[in-house]
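query_7.cif follows (mmCIF, C-alpha atoms):
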```cif
data_run
loop_
_atom_site.label_atom_id
_atom_site.label_comp_id
_atom_site.auth_asym_id
_atom_site.auth_seq_id
_atom_site.Cartn_x
_atom_site.Cartn_y
_atom_site.Cartn_z
CA MET V 1 4.45 -183.78 52.86
CA SER V 2 5.82 -181.52 50.14
CA ARG V 3 7.25 -178.17 51.14
CA LYS V 4 7.62 -174.87 49.32
CA LYS V 5 10.34 -172.34 49.87
CA ILE V 6 8.68 -170.86 52.94
CA THR V 7 10.90 -170.49 55.99
CA MET V 8 10.02 -170.87 59.65
CA GLN V 9 11.04 -167.24 60.14
CA GLN V 10 8.43 -166.13 57.61
CA ILE V 11 5.79 -168.12 59.47
CA ALA V 12 6.98 -166.63 62.79
CA ASN V 13 6.78 -163.07 61.43
CA THR V 14 3.31 -163.60 60.03
CA ALA V 15 1.96 -165.36 63.13
CA GLY V 16 3.57 -162.88 65.52
CA VAL V 17 5.56 -165.49 67.46
CA SER V 18 9.19 -166.56 67.74
CA LYS V 19 10.91 -168.88 65.30
CA TYR V 20 11.57 -171.23 68.25
CA VAL V 21 7.83 -171.62 68.91
CA VAL V 22 7.20 -172.27 65.22
CA SER V 23 9.89 -174.93 65.17
CA LYS V 24 8.42 -176.71 68.20
CA THR V 25 4.95 -176.62 66.65
CA LEU V 26 5.90 -177.90 63.21
CA ASN V 27 8.00 -180.66 64.74
CA GLY V 28 5.18 -181.78 67.02
CA LYS V 29 6.95 -180.99 70.28
CA SER V 30 5.19 -180.07 73.51
CA GLY V 31 5.33 -176.75 75.34
CA VAL V 32 3.12 -174.74 72.96
CA SER V 33 -0.43 -173.76 73.94
CA GLU V 34 -3.21 -175.22 71.82
CA LYS V 35 -4.37 -171.77 70.72
CA THR V 36 -0.87 -170.77 69.57
CA ARG V 37 -0.36 -174.14 67.91
CA GLU V 38 -3.58 -173.78 65.91
CA LYS V 39 -2.59 -170.28 64.83
CA ILE V 40 0.88 -171.34 63.64
CA LEU V 41 -0.40 -174.36 61.73
CA PHE V 42 -3.04 -172.24 60.05
CA VAL V 43 -0.50 -169.60 59.01
CA ALA V 44 1.88 -172.29 57.73
CA GLN V 45 -0.98 -173.77 55.74
CA GLN V 46 -1.92 -170.42 54.19
CA LEU V 47 1.67 -169.60 53.30
CA GLY V 48 1.94 -172.92 51.52
CA TYR V 49 4.52 -174.43 53.88
CA PHE V 50 2.96 -177.81 53.31
CA LYS V 51 0.19 -179.38 51.27
CA GLN V 52 -2.47 -181.54 52.88
CA THR V 53 -5.89 -182.94 52.15
CA GLU V 54 -8.79 -181.06 53.73
CA GLN V 55 -9.27 -183.90 56.24
CA GLN V 56 -5.59 -183.79 57.24
CA LYS V 57 -5.85 -180.04 57.76
CA GLN V 58 -8.81 -180.48 60.09
CA ASP V 59 -7.10 -183.27 62.00
CA GLU V 60 -3.88 -181.32 62.53
CA VAL V 61 -5.27 -177.86 63.15
CA GLY V 62 -8.14 -179.03 65.31
CA LYS V 63 -10.66 -176.69 63.61
CA ASP V 64 -11.74 -176.08 60.07
CA TYR V 65 -10.19 -172.68 59.50
CA SER V 66 -11.21 -172.52 55.85
CA ALA V 67 -12.33 -168.91 56.35
CA PHE V 68 -9.80 -166.33 57.49
CA VAL V 69 -9.03 -162.63 57.83
CA ILE V 70 -5.87 -160.78 56.81
CA VAL V 71 -4.66 -158.00 59.12
CA VAL V 72 -2.30 -155.45 57.56
CA ILE V 73 0.00 -153.45 59.83
CA PRO V 74 2.41 -150.63 58.88
CA GLU V 75 5.57 -152.50 59.78
CA ARG V 76 6.91 -155.69 61.34
CA GLY V 77 6.72 -155.79 65.13
CA TYR V 78 3.99 -153.14 65.20
CA GLN V 79 1.77 -155.12 67.57
CA HIS V 80 4.62 -155.89 69.97
CA GLU V 81 6.27 -152.46 70.16
CA SER V 82 3.13 -150.49 71.03
CA GLN V 83 0.72 -151.28 73.84
CA TYR V 84 -1.95 -149.27 72.05
CA TRP V 85 -1.81 -151.21 68.78
CA GLY V 86 -0.98 -154.49 70.49
CA SER V 87 -4.22 -154.32 72.49
CA ILE V 88 -6.24 -153.59 69.36
CA ILE V 89 -4.73 -156.56 67.52
CA GLU V 90 -5.31 -158.77 70.56
CA GLY V 91 -8.99 -157.78 70.51
CA LEU V 92 -9.49 -158.56 66.84
CA SER V 93 -7.55 -161.82 67.22
CA GLU V 94 -9.88 -162.91 70.02
CA GLU V 95 -12.96 -162.01 67.99
CA VAL V 96 -11.69 -163.89 64.94
CA SER V 97 -10.97 -166.91 67.11
CA GLU V 98 -14.45 -166.80 68.68
CA ARG V 99 -15.92 -166.89 65.19
CA GLN V 100 -13.73 -169.93 64.46
CA CYS V 101 -11.88 -168.23 61.64
CA GLY V 102 -8.18 -167.96 60.90
CA LEU V 103 -5.97 -164.88 61.10
CA VAL V 104 -2.87 -163.86 59.13
CA ILE V 105 -0.91 -160.72 60.01
CA ILE V 106 1.31 -159.11 57.39
CA ASN V 107 3.06 -155.75 57.13
CA GLN V 108 2.23 -153.42 54.28
CA ASP V 109 5.49 -154.15 52.46
CA GLN V 110 4.59 -157.82 52.03
CA LYS V 111 2.77 -159.07 48.95
CA ILE V 112 -0.38 -161.11 49.47
CA GLU V 113 -0.55 -162.53 45.96
CA GLY V 114 1.80 -165.48 45.57
CA MET V 115 2.42 -165.57 49.32
CA ILE V 116 -0.97 -166.42 50.80
CA GLN V 117 -3.66 -168.70 49.42
CA THR V 118 -6.63 -166.34 49.26
CA LYS V 119 -9.34 -169.00 48.96
CA GLY V 120 -11.60 -168.51 51.97
CA LEU V 121 -10.48 -164.90 52.55
CA LEU V 122 -13.33 -163.10 54.36
CA GLY V 123 -11.79 -159.65 54.26
CA ILE V 124 -8.92 -157.37 55.19
CA ILE V 125 -8.45 -155.20 58.28
CA GLY V 126 -5.91 -152.37 58.22
CA VAL V 127 -4.52 -151.33 61.59
CA GLY V 128 -3.11 -147.80 61.79
CA ARG V 129 -1.75 -145.73 58.94
CA ILE V 130 -1.53 -147.93 55.83
CA SER V 131 -0.30 -146.26 52.65
CA SER V 132 -2.82 -145.23 50.00
CA GLU V 133 -0.94 -147.30 47.40
CA LYS V 134 -1.25 -150.46 49.50
CA LEU V 135 -4.94 -149.93 50.21
CA VAL V 136 -5.71 -149.31 46.54
CA ASP V 137 -3.79 -152.49 45.70
CA LEU V 138 -5.82 -154.50 48.23
CA GLN V 139 -9.04 -153.71 46.36
CA GLN V 140 -8.12 -156.32 43.75
CA PHE V 141 -9.24 -159.11 46.08
CA ASN V 142 -12.84 -157.85 46.05
CA VAL V 143 -13.39 -158.48 49.76
CA PRO V 144 -14.52 -156.09 52.51
CA ILE V 145 -11.87 -153.75 53.92
CA VAL V 146 -12.14 -152.25 57.40
CA LEU V 147 -9.66 -149.66 58.67
CA ILE V 148 -8.88 -149.00 62.32
CA ASP V 149 -7.87 -145.45 63.29
CA HIS V 150 -7.42 -144.49 59.63
CA GLU V 151 -9.46 -143.69 56.54
CA GLU V 152 -8.68 -143.56 52.85
CA PRO V 153 -10.88 -141.59 50.40
CA LEU V 154 -9.54 -143.50 47.39
CA ILE V 155 -11.21 -146.77 48.37
CA LYS V 156 -14.49 -147.99 49.77
CA ALA V 157 -13.79 -149.11 53.33
CA ASP V 158 -15.51 -148.97 56.69
CA ALA V 159 -13.56 -147.20 59.42
CA ILE V 160 -13.45 -147.68 63.19
CA PHE V 161 -12.27 -144.79 65.35
CA THR V 162 -12.18 -143.82 68.96
CA ASP V 163 -14.00 -140.52 69.50
CA ASN V 164 -10.80 -138.51 69.56
CA TYR V 165 -12.58 -135.17 69.19
CA ASP V 166 -15.02 -135.80 72.03
CA GLY V 167 -12.39 -137.19 74.41
CA ILE V 168 -10.10 -134.16 74.18
CA TYR V 169 -13.06 -131.77 74.13
CA LYS V 170 -14.25 -133.17 77.46
CA MET V 171 -10.75 -133.16 78.98
CA THR V 172 -10.16 -129.55 77.90
CA SER V 173 -13.59 -128.55 79.21
CA HIS V 174 -12.69 -130.11 82.56
CA LEU V 175 -9.53 -128.00 82.76
CA LEU V 176 -11.48 -124.88 81.82
CA THR V 177 -13.98 -125.64 84.58
CA LEU V 178 -11.09 -125.80 87.05
CA GLY V 179 -10.20 -122.25 86.03
CA HIS V 180 -7.38 -122.70 83.51
CA GLU V 181 -7.17 -119.99 80.85
CA LYS V 182 -3.65 -120.51 79.50
CA LEU V 183 -3.82 -123.93 77.85
CA VAL V 184 -1.83 -125.41 74.96
CA PHE V 185 -2.23 -128.55 72.87
CA VAL V 186 0.97 -130.57 72.42
CA GLY V 187 1.12 -132.87 69.41
CA ASP V 188 1.99 -133.27 65.74
CA THR V 189 -1.36 -132.76 64.00
CA SER V 190 0.06 -134.14 60.75
CA PHE V 191 1.11 -137.41 62.38
CA SER V 192 -2.32 -139.06 62.18
CA LYS V 193 -5.99 -138.29 61.78
CA SER V 194 -6.44 -139.14 65.46
CA PHE V 195 -3.98 -136.45 66.50
CA PHE V 196 -5.67 -133.94 64.20
CA ASP V 197 -9.13 -134.76 65.56
CA ARG V 198 -7.83 -134.38 69.12
CA TRP V 199 -6.49 -130.94 68.20
CA LEU V 200 -9.92 -130.01 66.80
CA GLY V 201 -11.58 -131.11 70.04
CA PHE V 202 -9.17 -128.96 72.04
CA ARG V 203 -9.61 -125.97 69.74
CA SER V 204 -13.42 -126.21 69.86
CA ALA V 205 -13.47 -126.21 73.67
CA ILE V 206 -11.11 -123.20 73.74
CA GLU V 207 -13.21 -121.30 71.21
CA LYS V 208 -16.39 -121.99 73.14
CA ALA V 209 -14.70 -120.45 76.19
CA ASN V 210 -13.68 -117.39 74.09
CA LEU V 211 -9.97 -118.02 74.74
CA ALA V 212 -8.78 -118.40 71.14
CA GLU V 213 -7.62 -114.85 70.44
CA ASN V 214 -4.11 -115.89 69.37
CA SER V 215 -4.19 -119.30 67.69
CA GLU V 216 -0.38 -119.49 67.53
CA ASP V 217 -0.26 -119.73 71.32
CA LEU V 218 -2.69 -122.65 71.42
CA LYS V 219 -0.49 -125.37 69.95
CA VAL V 220 3.01 -126.76 70.40
CA GLU V 221 3.57 -128.45 67.03
CA ILE V 222 6.58 -130.75 67.48
CA PRO V 223 7.15 -133.80 65.19
CA TYR V 224 6.29 -137.05 66.98
CA GLU V 225 9.69 -138.71 66.72
CA THR V 226 12.71 -139.60 68.85
CA SER V 227 13.88 -135.99 69.02
CA PHE V 228 10.61 -134.81 70.58
CA SER V 229 11.97 -134.32 74.12
CA ASN V 230 14.95 -132.27 72.95
CA LYS V 231 12.73 -130.03 70.85
CA PHE V 232 10.23 -129.58 73.65
CA GLU V 233 13.07 -128.64 76.01
CA LYS V 234 14.07 -125.98 73.50
CA TRP V 235 10.48 -124.71 73.35
CA VAL V 236 10.32 -124.39 77.14
CA GLN V 237 13.69 -122.63 77.28
CA GLU V 238 12.67 -120.14 74.60
CA ARG V 239 9.43 -119.47 76.46
CA ILE V 240 11.33 -118.74 79.66
CA ASP V 241 14.07 -116.68 77.98
CA GLY V 242 11.50 -114.62 76.13
CA ASP V 243 9.69 -113.88 79.37
CA ARG V 244 6.46 -115.04 77.73
CA ILE V 245 3.35 -116.16 79.58
CA PHE V 246 3.76 -119.84 80.44
CA PRO V 247 0.80 -122.24 80.07
CA THR V 248 -0.90 -123.54 83.19
CA ALA V 249 -2.14 -126.66 81.39
CA PHE V 250 -0.70 -128.91 78.68
CA VAL V 251 -3.26 -131.04 76.81
CA CYS V 252 -1.17 -133.73 75.08
CA ALA V 253 -2.11 -135.82 72.04
CA ASN V 254 -1.31 -139.09 73.85
CA ASP V 255 0.15 -140.51 77.07
CA ASP V 256 3.63 -140.96 75.64
CA ILE V 257 3.87 -137.29 74.74
CA ALA V 258 2.38 -136.31 78.11
CA SER V 259 4.98 -138.34 80.00
CA LYS V 260 7.79 -136.62 78.06
CA VAL V 261 6.23 -133.20 78.68
CA MET V 262 5.96 -133.93 82.38
CA LYS V 263 9.57 -135.10 82.60
CA THR V 264 10.81 -131.96 80.84
CA LEU V 265 8.75 -129.68 83.08
CA HIS V 266 10.31 -131.35 86.11
CA GLN V 267 13.78 -130.68 84.64
CA PHE V 268 12.93 -126.97 84.56
CA SER V 269 11.66 -127.15 88.16
CA PHE V 270 8.00 -126.76 87.24
CA ARG V 271 5.74 -128.67 89.62
CA VAL V 272 2.91 -130.84 88.30
CA PRO V 273 0.10 -130.02 88.94
CA GLU V 274 0.88 -127.02 91.21
CA ASP V 275 2.49 -125.00 88.40
CA CYS V 276 1.24 -126.86 85.32
CA SER V 277 -1.46 -129.46 84.79
CA VAL V 278 -0.72 -132.17 82.21
CA THR V 279 -3.16 -134.56 80.50
CA GLY V 280 -2.77 -137.41 78.02
CA PHE V 281 -4.89 -139.73 75.90
CA ASP V 282 -5.17 -143.57 75.59
CA ASN V 283 -4.79 -144.60 79.27
CA LEU V 284 -1.69 -146.72 78.63
CA ASP V 285 0.10 -148.39 81.54
CA ILE V 286 2.63 -145.54 81.59
CA SER V 287 -0.11 -143.16 82.74
CA LEU V 288 -0.21 -144.86 86.15
CA TYR V 289 3.54 -144.67 86.71
CA THR V 290 4.26 -141.03 85.86
CA ASN V 291 4.90 -138.70 88.78
CA PRO V 292 2.16 -137.78 89.55
CA PRO V 293 -0.23 -140.27 87.87
CA LEU V 294 -1.47 -138.89 84.56
CA ALA V 295 -5.02 -137.71 83.87
CA THR V 296 -6.01 -139.24 80.54
CA VAL V 297 -8.81 -140.53 78.31
CA HIS V 298 -9.50 -144.24 78.71
CA LEU V 299 -10.10 -146.28 75.57
CA LEU V 300 -11.41 -149.82 75.24
CA ARG V 301 -8.68 -150.67 72.73
CA GLU V 302 -9.60 -154.35 72.50
CA LEU V 303 -13.13 -153.28 71.61
CA LEU V 304 -11.81 -151.45 68.53
CA GLY V 305 -10.38 -154.72 67.25
CA LYS V 306 -13.50 -156.73 68.07
CA ARG V 307 -15.74 -154.13 66.48
CA ALA V 308 -13.64 -154.15 63.31
CA VAL V 309 -14.11 -157.92 62.93
CA SER V 310 -17.87 -157.77 63.51
CA LYS V 311 -18.12 -154.95 60.97
CA LEU V 312 -16.13 -156.98 58.47
CA ILE V 313 -18.48 -159.95 58.82
CA TRP V 314 -21.51 -157.69 58.46
CA ARG V 315 -20.03 -155.99 55.40
CA LYS V 316 -19.41 -159.37 53.76
CA ASN V 317 -23.19 -159.75 53.44
CA HIS V 318 -23.94 -156.08 52.70
CA MET V 319 -21.40 -155.07 50.09
CA PRO V 320 -23.67 -152.63 48.15
CA TYR V 321 -24.33 -150.47 51.23
CA PRO V 322 -22.33 -147.22 51.61
CA ALA V 323 -19.17 -147.29 53.71
CA GLU V 324 -19.65 -146.44 57.37
CA LYS V 325 -17.58 -144.75 60.05
CA ILE V 326 -18.00 -146.06 63.58
CA VAL V 327 -16.89 -143.90 66.50
CA ILE V 328 -16.42 -145.35 70.00
CA GLN V 329 -16.38 -142.95 72.93
CA GLY V 330 -13.69 -142.82 75.61
CA GLU V 331 -13.96 -142.03 79.33
CA LEU V 332 -12.13 -139.37 81.33
CA MET V 333 -9.69 -140.66 83.94
CA ILE V 334 -9.02 -137.68 86.21
CA ARG V 335 -5.82 -138.22 88.22
CA ALA V 336 -3.32 -136.21 90.24
CA SER V 337 -1.62 -134.51 87.26
CA VAL V 338 -4.41 -131.91 87.10
CA SER V 339 -5.61 -129.31 89.58
CA ALA V 340 -6.96 -125.77 89.62
CA PRO V 341 -4.36 -123.14 88.63
CA LYS V 342 -2.63 -121.31 91.50
#
```

Write-out of the structure in C-alpha cells:
Amino acid sequence: MSRKKITMQQIANTAGVSKYVVSKTLNGKSGVSEKTREKILFVAQQLGYFKQTEQQKQDEVGKDYSAFVIVVIPERGYQHESQYWGSIIEGLSEEVSERQCGLVIINQDQKIEGMIQTKGLLGIIGVGRISSEKLVDLQQFNVPIVLIDHEEPLIKADAIFTDNYDGIYKMTSHLLTLGHEKLVFVGDTSFSKSFFDRWLGFRSAIEKANLAENSEDLKVEIPYETSFSNKFEKWVQERIDGDRIFPTAFVCANDDIASKVMKTLHQFSFRVPEDCSVTGFDNLDISLYTNPPLATVHLLRELLGKRAVSKLIWRKNHMPYPAEKIVIQGELMIRASVSAPK
C-alpha cells in the first residue's frame, strides 16, 4: 500500500471526526461504528491516502462508493459549533448514505484540485455563506451546485431556503393579533439573506397593520457578533435614559439573539412576557431552556439537507433547465415568552 503525503489529521478534518477515530479505523482496530468506518475509508481513498484496486476498495469499504458529493462549509468545525448547521449537514449526510454515495466535507479555504480525486463527483453542495470567489471557482468542475440558505447571482446553482419571510410574517401577525403595537425587529440584516428576508417578513406584517409610520423605530440593527449583548444593553439603557417609548414585543432574527435579548431585559428588570414579549426563529434546543420558554419558528433542518441532495441528483440529469429556488415552510411554536400587552 503506497501512501501520499496526506495526514490522519487532514482525513479527520474532512470526515468530521477525531484523529483518534481515524487512527483506529486505518489500523483496523475495533470500537468504530461501521457507518463511521466506511465514511473514513472513503475520505482517505478520495484524498489519496492509499492506492488500491477497485476490488480492494469494495472489500475494505463495504460499498462501492464510486459516486460522491462534496459539501463546502464556510470554515472548519462549522457543523459541530452550530446546532442549526450541524442538523442540516446531518440530514444531507443521511440522504447521501441512503443513496449509497460517498461524502467529503471541506471548508471554503481548501482546494479541491490536487487534494481530492474528482472522478465520480456527482456535484457540490454549499452550506451557508460561501464566498462568491469560491463558488465561481467551483464551476470549473462542471457538476451541479446546490446552495443551502444562500444564493449567488454569478453562477448557475439551485438554492434551498427555509421560508424566512413567511415564518416571521406569521409570528409578527400573531403578536399583532394579541394587541401589540410597539414591536421591533432585532437582527443584523446584512449578516445573511435569511436575516434580511426575516426583516422583510416583519416589515410587511407591520405595514399591513398600518404601524410603520417611523421606520427607524422598527429595527434594532446590531452586528451579529460576540459584542452583541453589550451593544444591546447600551441600546436599552439609551432608550430608558431618553424616556422613549419602549417596545412591548421583540421579534428576533434567531433563537440565539432572542435568548440574549431576554437575558438583557431581565437585567433591566423587565419581565417576559408581562412587560415585553420575545420571539425567536429556528427552534433550537436553547429555545426550551430560556426563562420563560421561547416562542419561535420550527424548522425541519434535516429536511433542508435531504432536499439539497435530492435536488442535486435531479439536476445531474437536467442540467439545461433553469436554476430553481426551493422554499420550505416553518411552523409557529407559541410558548410562554409571548402574551398580550398589559

10 Å contact set for Val146 of chain V, only C-alpha atoms, chain neighbours under 6 positions out, as a list of chain:residue names: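 Near neighbours after the sequence-gap exclusion: V:Val71, V:Gly123, V:Ile124, V:Ile125, V:Gly126, V:Val127, V:Lys156, V:Ala157, V:Asp158, V:Ala159, V:Ile160, V:Arg307, V:Ala308, V:Val309, V:Lys311, V:Leu312, V:Arg315, V:Ala323, V:Glu324, V:Lys325.
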
Selection result for the PyMOL selection byres ((chain V and resi 103) around 6) on this file, as number ranges by chain: V: 68-70, 102, 104

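Between Ser66 of chain V and the residues V:Phe141, V:Tyr20, V:Phe42, V:Tyr49, the shortest atom-to-atom distance, using only C-alpha atoms, involves V:Phe42.
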
Pick from V:Lys39, V:Lys306, V:Arg271, V:His318, whichever lies nearest to Ala336 of chain V using only C-alpha atoms: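 The shortest atom-to-atom distance to Ala336 of chain V comes from V:Arg271.
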
Residues matched by the PyMOL selection byres ((chain V and resi 43) around 12), written as number ranges by chain: V: 6-17, 22, 25-26, 36-42, 44-50, 57, 61, 65-66, 68-70, 101-106, 115-118

Selection file, C-alpha atoms, as a PDB file, keeping the file's coordinate frame:
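To be explicit, this is the file written out as out14.pdb:
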```
ATOM      1  CA  ILE V   6       8.680-170.860  52.940  1.00  0.00           C
ATOM      2  CA  THR V   7      10.900-170.490  55.990  1.00  0.00           C
ATOM      3  CA  MET V   8      10.020-170.870  59.650  1.00  0.00           C
ATOM      4  CA  GLN V   9      11.040-167.240  60.140  1.00  0.00           C
ATOM      5  CA  GLN V  10       8.430-166.130  57.610  1.00  0.00           C
ATOM      6  CA  ILE V  11       5.790-168.120  59.470  1.00  0.00           C
ATOM      7  CA  ALA V  12       6.980-166.630  62.790  1.00  0.00           C
ATOM      8  CA  ASN V  13       6.780-163.070  61.430  1.00  0.00           C
ATOM      9  CA  THR V  14       3.310-163.600  60.030  1.00  0.00           C
ATOM     10  CA  ALA V  15       1.960-165.360  63.130  1.00  0.00           C
ATOM     11  CA  GLY V  16       3.570-162.880  65.520  1.00  0.00           C
ATOM     12  CA  VAL V  17       5.560-165.490  67.460  1.00  0.00           C
ATOM     13  CA  VAL V  22       7.200-172.270  65.220  1.00  0.00           C
ATOM     14  CA  THR V  25       4.950-176.620  66.650  1.00  0.00           C
ATOM     15  CA  LEU V  26       5.900-177.900  63.210  1.00  0.00           C
ATOM     16  CA  THR V  36      -0.870-170.770  69.570  1.00  0.00           C
ATOM     17  CA  ARG V  37      -0.360-174.140  67.910  1.00  0.00           C
ATOM     18  CA  GLU V  38      -3.580-173.780  65.910  1.00  0.00           C
ATOM     19  CA  LYS V  39      -2.590-170.280  64.830  1.00  0.00           C
ATOM     20  CA  ILE V  40       0.880-171.340  63.640  1.00  0.00           C
ATOM     21  CA  LEU V  41      -0.400-174.360  61.730  1.00  0.00           C
ATOM     22  CA  PHE V  42      -3.040-172.240  60.050  1.00  0.00           C
ATOM     23  CA  ALA V  44       1.880-172.290  57.730  1.00  0.00           C
ATOM     24  CA  GLN V  45      -0.980-173.770  55.740  1.00  0.00           C
ATOM     25  CA  GLN V  46      -1.920-170.420  54.190  1.00  0.00           C
ATOM     26  CA  LEU V  47       1.670-169.600  53.300  1.00  0.00           C
ATOM     27  CA  GLY V  48       1.940-172.920  51.520  1.00  0.00           C
ATOM     28  CA  TYR V  49       4.520-174.430  53.880  1.00  0.00           C
ATOM     29  CA  PHE V  50       2.960-177.810  53.310  1.00  0.00           C
ATOM     30  CA  LYS V  57      -5.850-180.040  57.760  1.00  0.00           C
ATOM     31  CA  VAL V  61      -5.270-177.860  63.150  1.00  0.00           C
ATOM     32  CA  TYR V  65     -10.190-172.680  59.500  1.00  0.00           C
ATOM     33  CA  SER V  66     -11.210-172.520  55.850  1.00  0.00           C
ATOM     34  CA  PHE V  68      -9.800-166.330  57.490  1.00  0.00           C
ATOM     35  CA  VAL V  69      -9.030-162.630  57.830  1.00  0.00           C
ATOM     36  CA  ILE V  70      -5.870-160.780  56.810  1.00  0.00           C
ATOM     37  CA  CYS V 101     -11.880-168.230  61.640  1.00  0.00           C
ATOM     38  CA  GLY V 102      -8.180-167.960  60.900  1.00  0.00           C
ATOM     39  CA  LEU V 103      -5.970-164.880  61.100  1.00  0.00           C
ATOM     40  CA  VAL V 104      -2.870-163.860  59.130  1.00  0.00           C
ATOM     41  CA  ILE V 105      -0.910-160.720  60.010  1.00  0.00           C
ATOM     42  CA  ILE V 106       1.310-159.110  57.390  1.00  0.00           C
ATOM     43  CA  MET V 115       2.420-165.570  49.320  1.00  0.00           C
ATOM     44  CA  ILE V 116      -0.970-166.420  50.800  1.00  0.00           C
ATOM     45  CA  GLN V 117      -3.660-168.700  49.420  1.00  0.00           C
ATOM     46  CA  THR V 118      -6.630-166.340  49.260  1.00  0.00           C
TER      47      THR V 118
END
```

Computed interatomic separation between atom CA of Leu211 of chain V and atom CA of Lys182 of chain V (Å):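 Atom CA of Lys182 of chain V lies 8.3 Å from atom CA of Leu211 of chain V.
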
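Atom CA of Glu181 of chain V lies 21.6 Å from atom CA of Phe268 of chain V.
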
Using all atoms listed in the file: which of V:Gly187, V:Gln100, V:Gly128, V:Val136 has the shortest distance to Ser82 of chain V: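 The answer is V:Gly128, which sits nearest to Ser82 of chain V.
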
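Nearest residue to Val297 of chain V, choosing from V:Asn254, V:Ser18, V:Thr264, V:Ser229 and counting only C-alpha atoms: V:Asn254.
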
8 Å contact set for His298 of chain V, only C-alpha atoms, chain neighbours under 5 positions out, as a list of chain:residue names: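 Residues meeting the cut-off are V:Phe281, V:Asp282, V:Asn283, V:Gly330, V:Glu331, V:Leu332, V:Met333.
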
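Selection result for the displayed file, with the PyMOL selection byres ((chain V and resi 232-246) around 10) as criterion, is Lys182, Leu183, Val184, Val186, Asp217, Val220, Glu221, Ile222, Pro223, Ser227, Phe228, Ser229, Asn230, Lys231, Pro247, Thr248, Ala249, Lys260, Val261, Lys263, Thr264, Leu265, Gln267, Phe268, Asp275 and Cys276 of chain V.
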
Pairwise distance for atom CA of Asp137 of chain V and atom CA of Ile155 of chain V, rounded to one decimal in Å: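 Atom CA of Ile155 of chain V lies 9.7 Å from atom CA of Asp137 of chain V.
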
Calculate, to one decimal in Å, the centre and edge lengths of the box along x, y and z of the file that holds all listed atoms of segment 169-181 of chain V with 5 Å of margin on each side, and present them as AutoDock Vina command-line options.
```
--center_x -10.7 --center_y -126.6 --center_z 80.6 --size_x 17.1 --size_y 23.2 --size_z 22.9
```

Selected residue of minimal separation from Ile130 of chain V among V:Val272, V:Val96, V:Leu176, V:Ile73, counting only C-alpha atoms: V:Ile73

Test item: which residues lie within 10 Å of (2.2, -150.3, 55.6) counting all atoms listed in the file, as number ranges by chain: V: 72-76, 106-110, 126-135

Counting all atoms listed in the file, the option among V:Ser23, V:Arg203, V:Phe196, V:Gln83 closest to Ile286 of chain V: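 Selected residue with least distance to Ile286 of chain V: V:Gln83.
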
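A search radius of 7 Å centred on (-1.7, -132.1, 79.9), applied to all atoms listed in the file, returns the residues Ala249, Phe250, Val251, Cys252, Ala258, Ser277, Val278, Thr279 and Gly280 of chain V.
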
Neighbour list for Ala209 of chain V as number ranges by chain, cut-off 9 Å, only C-alpha atoms, skip fewer than 3 positions in-chain: V: 173, 176, 181, 204-206, 212

Segment 89-95 of chain V surroundings by all atoms listed in the file, 6 Å radius, close-in-sequence under 3 positions cut, as a VMD selection string: chain V and resid 86 98 302 305 to 306
